[in-house]
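Let me begin by presenting the structure, written as structure tokens, before commenting on it.
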2 protein chains.
Amino acid sequence: MAKTNSGPTKLLDVALRAQCSAATVSRVLNGNRTVAPDIRDRVLRAAADLAYVPNGSAKSLRSTKSRLAGAIIPTLDHAIYAAMIESLQARLSERDISLILSTSLYDIDVELEQIRLFVERGAEAVVLVGAIHRAEAIKLLERHNIPYVFTHTNQHGPKGAAVGFDNYQAGVIAAKFLFDLGHRRLGMLAGITDNNDRATARVKGFTETLAGLGVARAAISVIELPYRIEEGRAGMQTLFETVPHVTAVFCGSDILAAGALKYCNAAGIAVPGDVSVLGFDNHELAGLTTPELSTLEVPAKEMGRLAADFIVAEPGQRIHLRQPQPEVRLVIRGSTGPSRAATTASDAEPAPPLAKR
Amino acid sequence: MAKTNSGPTKLLDVALRAQCSAATVSRVLNGNRTVAPDIRDRVLRAAADLAYVPNGSAKSLRSTKSRLAGAIIPTLDHAIYAAMIESLQARLSERDISLILSTSLYDIDVELEQIRLFVERGAEAVVLVGAIHRAEAIKLLERHNIPYVFTHTNQHGPKGAAVGFDNYQAGVIAAKFLFDLGHRRLGMLAGITDNNDRATARVKGFTETLAGLGVARAAISVIELPYRIEEGRAGMQTLFETVPHVTAVFCGSDILAAGALKYCNAAGIAVPGDVSVLGFDNHELAGLTTPELSTLEVPAKEMGRLAADFIVAEPGQRIHLRQPQPEVRLVIRGSTGPSRAATTASDAEPAPPLAKR
DNA sequence: TTGTAGGCGTTATCAC
DNA sequence: GTGATAACGCCTACAA
């Protein structure tokens, strides 16, 4: 009954009721073992009776520990980022770390502002997407000794970690896969590469690998598009009107690939008969299109988990969790197949496939 | 150079450099106009030079304003929740309010713990999904005078707001739509209704409306499933094996509907020829299935926006934003059509459709 | 218009 | 093992 004053219950209220000092209450509530069991019980009961909830601001101010981590992603509308955040949050939650989330809409200046806000809020770690950020943002984090983790990339800064995959290598895998199917005239519906190191690296890996395999640069068409179904549809149309002879298209996301498939289905272009379409992400929708989408699976959940592992690790242990390099994985479904040219050539040969063995 | 002591730059450091008192710096940084322009400039420059970032904990403690809002959703893996959070966060961000996000996995006890944590962190408002929560959770929020908003429902508590739609009405719309197409034997692949008022209300609206229209209860089969594609596929199979004569199925989410379509396509069941499938959400994938999915569109973005509007409103104005009632909208695509029975009957009539006019 | 001083609720550092 | 006491960094009467 004896409240120190109005407002919510405070530590001192609990102390008064438990007939001990505030210091003792603090000790009990923070798991300090050096408190006599009977007092301990009294404190716990008093806290429960009063429905005491500690004041986080005061705790943070005094202890310089906020138990807050921040994450900034381009958008939650992209399932791949939502999935990463889901697993990141779940893991942090196990350690009673709260996640502050914000979106940058692919704008690194917006990101900088959000980082500034996170620093102000006392975030103890920050999770970002990609390796391209304002130098000022990284400086800010380092000056405040806030560990930061890059996701969706394996490039890390001087002090940070990178728990993503190798985007260049993903482009290489796509190129080799389609090349091995006999495709020699290819297109790519890429994401916008400006200030986006991931999209850029994938384009680079794809085109450079094809070039290395002897495909003429002129036989590779790249179109950059925002990640939207309609853009994918329109992009595919543009591609076909510009270079009608492409036989395979690598898309920077499953969303773009789904749009590409829509165009093909509407225009009577057979997939994979006339053209192979390869996606990126292994989004849930990849199994629902007609034909089902072959794609590269991005380890979204795993990146979230790895980022959380880095954050909750002891500072001394972090160095070992700095660059775990989860892998992208090729998921072959029905939207890719041998190029018509390759098929024709092999059809022209007398020996059927089995005879080759 | 003259730092008060080690550690990050503090208000006093800025004051020292700007040759004024800490109070003046505080005034400048908080937009108090009663400061002479020249001092104002000195302060701003000093703050910039020292890359000063205020300590949010101290601000919160002193001012009892955290500029933090919390949201708890079942999961980010469901696009409908991700979309809501996206727009909520965007709107809050405009007012420099940070969003703490956590997921409950549809467990209201987990939710209670997260709410407790949010209260401790000083959240100034909390956004929840649905109207079913632990009584203790609501009590906690009210005792701390934290406004709370229910989303995805139009049921609000004694003090809270509800910015969602009427789930019962959504069930009614689905029932009427399918009934008007001539369907008399129907199924529903619902979500798990336990502790989920939204799923429960939709089932109720659907079945009660059909009953009111004269459909025998025995002619309505309801199966509850987690929201996963594979569950939808299996559920549809079960439905067909149990009641092979159903001609229309209402699904509690597009994910379930997509699974249902998968089963039909594989089993050679024509959609909508043999069976109509109606989804719920208007998820991105609804336009990608074969056939494209007819569905009820949930105003996810709008709910996020409305929740944010409620939060940022002056307390006195909130009452007007308490129950805005955005509507679900029927989106008719290719997965629904007249029931075979109805078609047969009308086919049997001599007059072709146009002749009726 | 500017400065001084006190305290927000908690935890750390001492004594006892 | 427990209790005073002093900060943590900032805001805000109030005084000047």
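Chains: A, B, ... in order of the structure tokens. Residues: from 1 per chain. Ligands: from 1, in order shown.
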
Distance table requested - chain B against chain A, cut-off 7 Å, only C-alpha atoms: one row per qualifying residue with the closest atom pair and its distance in Å to one decimal, ordered by chain and rising residue number, as a tab-separated table.
```
residue	atom	partner	partner_atom	distance
B:Pro8	CA	A:His144	CA	6.8
B:Val53	CA	A:Glu120	CA	5.9
B:Pro54	CA	A:Glu120	CA	5.7
B:Asn55	CA	A:Glu120	CA	5.4
B:Gly56	CA	A:Arg121	CA	4.8
B:Ser57	CA	A:Ser57	CA	4.6
B:Ala58	CA	A:Leu61	CA	5.9
B:Ser60	CA	A:Ser57	CA	6.1
B:Leu61	CA	A:Ser57	CA	5.4
B:Leu76	CA	A:Glu86	CA	5.6
B:Asp77	CA	A:Ala83	CA	5.9
B:Ala82	CA	A:Leu76	CA	5.8
B:Ala83	CA	A:Asp77	CA	5.9
B:Glu86	CA	A:Leu76	CA	5.6
B:Gln89	CA	A:Ser102	CA	6.5
B:Ser98	CA	A:Ile100	CA	6.7
B:Leu99	CA	A:Ile100	CA	5.5
B:Ile100	CA	A:Ile100	CA	4.4
B:Leu101	CA	A:Leu99	CA	5.9
B:Ser102	CA	A:Gln89	CA	6.5
B:Glu120	CA	A:Gly56	CA	5.1
B:Arg121	CA	A:Gly56	CA	4.8
B:Gly122	CA	A:Gly56	CA	6.6
B:His144	CA	A:Pro8	CA	6.7
B:Leu285	CA	A:Leu285	CA	5.9
B:Leu288	CA	A:Thr289	CA	5.8
B:Thr289	CA	A:Thr289	CA	5.6
B:Thr290	CA	A:Thr290	CA	6.9
```

>> I need the contact residues of chain D against chain B, so if you could list those with any atom within 7 Å, counting only C-alpha atoms (C1' of nucleotides), and return them as an MDAnalysis selection string, that would help.
In response: chainID D and resid 9:11

Print the selection's residues with C-alpha atoms (C1' of nucleotides) to a file, as a CSV table (one decimal), in the first residue's frame.
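Generated output (part30.csv):
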```csv
chain,number,residue,atom,x,y,z
D,9,DG,C1',23.0,11.5,-19.3
D,10,DC,C1',19.5,14.3,-19.9
D,11,DC,C1',15.5,17.7,-19.4
```

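Relative to atom CA of B:Ile72, atom CA of B:Thr295 is found at 25.8 Å.
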
With only C-alpha atoms (C1' of nucleotides) counted and 7 Å as the cut-off, give the residues of chain C in contact with chain B, each with its shortest interatomic distance in Å and the pair that gives it, as a Markdown table.
```
| residue | atom | partner | partner_atom | distance |
| --- | --- | --- | --- | --- |
| C:DT1 | C1' | B:Val35 | CA | 6.4 |
| C:DG3 | C1' | B:Ser21 | CA | 6.5 |
| C:DC8 | C1' | B:Arg62 | CA | 4.6 |
```

> Just asking: which residues within stretch 228-311 of chain A are alpha helix (DSSP H) according to DSSP, as a ChimeraX atom specification?
Replying inline: /A:229-242,254-267,300-311
